$ cat my_file-v2.cif   # mmCIF, C-alpha atoms
data_protein
loop_
_atom_site.label_atom_id
_atom_site.label_comp_id
_atom_site.auth_asym_id
_atom_site.auth_seq_id
_atom_site.Cartn_x
_atom_site.Cartn_y
_atom_site.Cartn_z
CA MET X 47 -30.41 -19.10 67.96
CA ILE X 48 -27.14 -19.49 66.06
CA LEU X 49 -27.30 -20.06 62.33
CA LEU X 50 -24.30 -21.75 60.72
CA ASN X 51 -23.58 -21.52 57.04
CA PRO X 52 -22.64 -25.01 55.75
CA GLU X 53 -20.97 -23.59 52.63
CA GLY X 54 -17.75 -22.81 54.46
CA HIS X 55 -15.14 -20.32 53.40
CA SER X 56 -11.84 -20.77 51.70
CA GLU X 57 -9.26 -18.42 50.31
CA GLU X 58 -7.23 -19.57 47.34
CA LYS X 59 -3.53 -19.04 47.81
CA ARG X 60 -1.30 -19.40 44.79
CA GLN X 61 2.22 -20.61 45.26
CA PRO X 62 4.89 -20.05 42.65
CA LEU X 63 6.55 -23.07 41.12
CA ALA X 64 10.10 -23.84 42.11
CA PRO X 65 12.60 -22.28 39.70
CA ARG X 66 13.42 -24.50 36.74
CA GLY X 67 16.86 -24.50 35.18
CA TYR X 68 15.78 -26.48 32.16
CA LYS X 69 13.21 -26.37 29.38
CA SER X 70 13.30 -30.06 28.47
CA LEU X 71 14.11 -33.43 30.02
CA ASP X 72 16.78 -34.00 27.37
CA GLY X 73 20.10 -34.80 29.02
CA LEU X 74 18.61 -35.10 32.51
CA THR X 75 18.52 -38.03 34.91
CA LEU X 76 15.00 -39.01 35.91
CA GLY X 77 14.38 -40.25 39.44
CA LEU X 78 11.42 -42.52 40.19
CA LEU X 79 10.29 -43.17 43.77
CA GLY X 80 7.60 -45.78 44.37
CA ASN X 81 5.69 -45.91 47.62
CA SER X 82 5.38 -49.73 47.81
CA LYS X 83 1.64 -49.80 47.09
CA LEU X 84 0.26 -52.27 44.60
CA ASN X 85 1.13 -51.25 41.01
CA ALA X 86 3.13 -48.15 41.99
CA ASP X 87 6.39 -49.52 40.61
CA GLU X 88 4.72 -50.72 37.42
CA VAL X 89 3.07 -47.34 36.78
CA LEU X 90 6.30 -45.44 37.45
CA GLN X 91 8.27 -47.83 35.24
CA ALA X 92 5.78 -47.29 32.40
CA ILE X 93 5.97 -43.51 32.83
CA GLY X 94 9.77 -43.70 32.87
CA GLU X 95 9.75 -45.71 29.63
CA LEU X 96 7.39 -43.24 27.94
CA LEU X 97 9.56 -40.32 28.99
CA ALA X 98 12.67 -42.16 27.76
CA GLU X 99 10.97 -42.57 24.36
CA ARG X 100 10.13 -38.88 24.13
CA TYR X 101 13.30 -37.39 25.59
CA GLU X 102 16.99 -38.20 25.48
CA LEU X 103 17.31 -38.96 29.17
CA LYS X 104 20.79 -39.31 30.59
CA GLY X 105 19.51 -42.09 32.83
CA VAL X 106 16.77 -43.32 35.15
CA VAL X 107 17.17 -44.04 38.86
CA HIS X 108 14.30 -46.09 40.31
CA ARG X 109 13.98 -46.59 44.06
CA ARG X 110 11.19 -47.85 46.31
CA LYS X 111 10.10 -46.89 49.81
CA GLN X 112 9.62 -49.77 52.21
CA ALA X 113 6.21 -48.58 53.41
CA PHE X 114 3.75 -46.12 51.91
CA SER X 115 2.91 -44.65 55.31
CA LEU X 116 6.51 -43.80 56.17
CA PRO X 117 8.87 -41.24 54.67
CA ALA X 118 11.62 -42.50 52.41
CA PRO X 119 14.75 -43.44 54.36
CA GLN X 120 17.36 -40.70 54.34
CA PRO X 121 19.89 -42.72 52.28
CA ILE X 122 17.31 -43.05 49.47
CA VAL X 123 16.48 -39.34 49.67
CA ASP X 124 20.17 -38.47 49.57
CA GLU X 125 20.82 -40.79 46.62
CA LEU X 126 17.93 -39.37 44.60
CA ALA X 127 18.85 -35.78 45.46
CA ALA X 128 22.42 -36.37 44.33
CA GLY X 129 21.71 -38.52 41.30
CA ALA X 130 18.47 -37.26 39.77
CA ASP X 131 17.71 -33.93 38.14
CA VAL X 132 13.94 -34.44 38.35
CA LEU X 133 11.91 -36.82 40.49
CA LEU X 134 8.53 -38.48 40.11
CA ALA X 135 7.04 -39.93 43.27
CA GLY X 136 4.18 -42.31 42.64
CA VAL X 137 1.42 -44.11 44.42
CA GLY X 138 -0.42 -47.23 43.43
CA ASP X 139 -3.64 -49.18 44.06
#

$ encode --input "my_file-v2.cif" --output "structure tokens"
Amino acid sequence: MILLNPEGHSEEKRQPLAPRGYKSLDGLTLGLLGNSKLNADEVLQAIGELLAERYELKGVVHRRKQAFSLPAPQPIVDELAAGADVLLAGVGD
């Protein structure tokens, strides 16, 4: 007879955060990337407006993927990488 333990086993692995060259969003350009699901753009827009109220953002770049199940097209990725200091990617539903 083989007895299986249904509790499973998992090891927690901590990953360091990417290095940050800033302490605040002041003076930065915020990138917003929606995934085309219902309400994603609206939620990201609201978050962008809240952040703009709290910080002196240099600007906001808002783009949208054509389909939630596909990666963002390379031109959108390139534009956001070149034009945004920080990026929020959002989902909806």

$ closest_residue --input "my_file-v2.cif" --among "X:Val132, X:Val107, X:Ala127, X:Ile48" --to "Gly80 (chain X)" --atoms "all atoms listed in the file"
X:Val107

$ closest_residue --input "my_file-v2.cif" --among "X:Ser70, X:Thr75, X:Asn85, X:Gln120" --to "Leu134 (chain X)" --atoms "only C-alpha atoms"
X:Thr75

$ residues_around --input "my_file-v2.cif" --residues "Leu133 (chain X)" --least-positions-apart "5" --cutoff "6 Å" --atoms "only C-alpha atoms" --output "PDB file with C-alpha atoms, in the coordinates of the input"
ATOM      1  CA  LEU X  76      15.000 -39.010  35.910  1.00  0.00           C
ATOM      2  CA  GLY X  77      14.380 -40.250  39.440  1.00  0.00           C
ATOM      3  CA  LEU X  78      11.420 -42.520  40.190  1.00  0.00           C
TER       4      LEU X  78
END

$ resolve_selection --input "my_file-v2.cif" --expression "the PyMOL selection byres ((chain X and resi 86) around 12)" --output "PyMOL selection string"
chain X and resi 78-85+87-93+108-111+113-114+134-139

$ closest_residue --input "my_file-v2.cif" --among "X:Gly105, X:Gly73, X:Pro52, X:Pro62" --to "Gly129 (chain X)" --atoms "all atoms listed in the file"
X:Gly105

$ closest_residue --input "my_file-v2.cif" --among "X:Ala130, X:Met47, X:Glu58, X:Leu71" --to "Arg100 (chain X)" --atoms "all atoms listed in the file"
X:Leu71

$ atom_distance --input "my_file-v2.cif" --atom1 "CA of Tyr101 (chain X)" --atom2 "CA of Leu74 (chain X)"
9.0 Å

$ axis_aligned_box --input "my_file-v2.cif" --around "region 90-109 of chain X" --padding-each-side "8 Å" --output "lines of an AutoDock Vina configuration file"
center_x = 13.3
center_y = -42.6
center_z = 34.1
size_x = 31.0
size_y = 26.4
size_z = 35.9

$ closest_residue --input "my_file-v2.cif" --among "X:Gly67, X:Asp72, X:Gln61, X:Gly54" --to "Lys104 (chain X)" --atoms "only C-alpha atoms"
X:Asp72

$ atom_distance --input "my_file-v2.cif" --atom1 "CA of Arg60 (chain X)" --atom2 "CA of Val123 (chain X)"
27.2 Å

$ atom_distance --input "my_file-v2.cif" --atom1 "CA of Leu96 (chain X)" --atom2 "CA of Tyr68 (chain X)"
19.2 Å
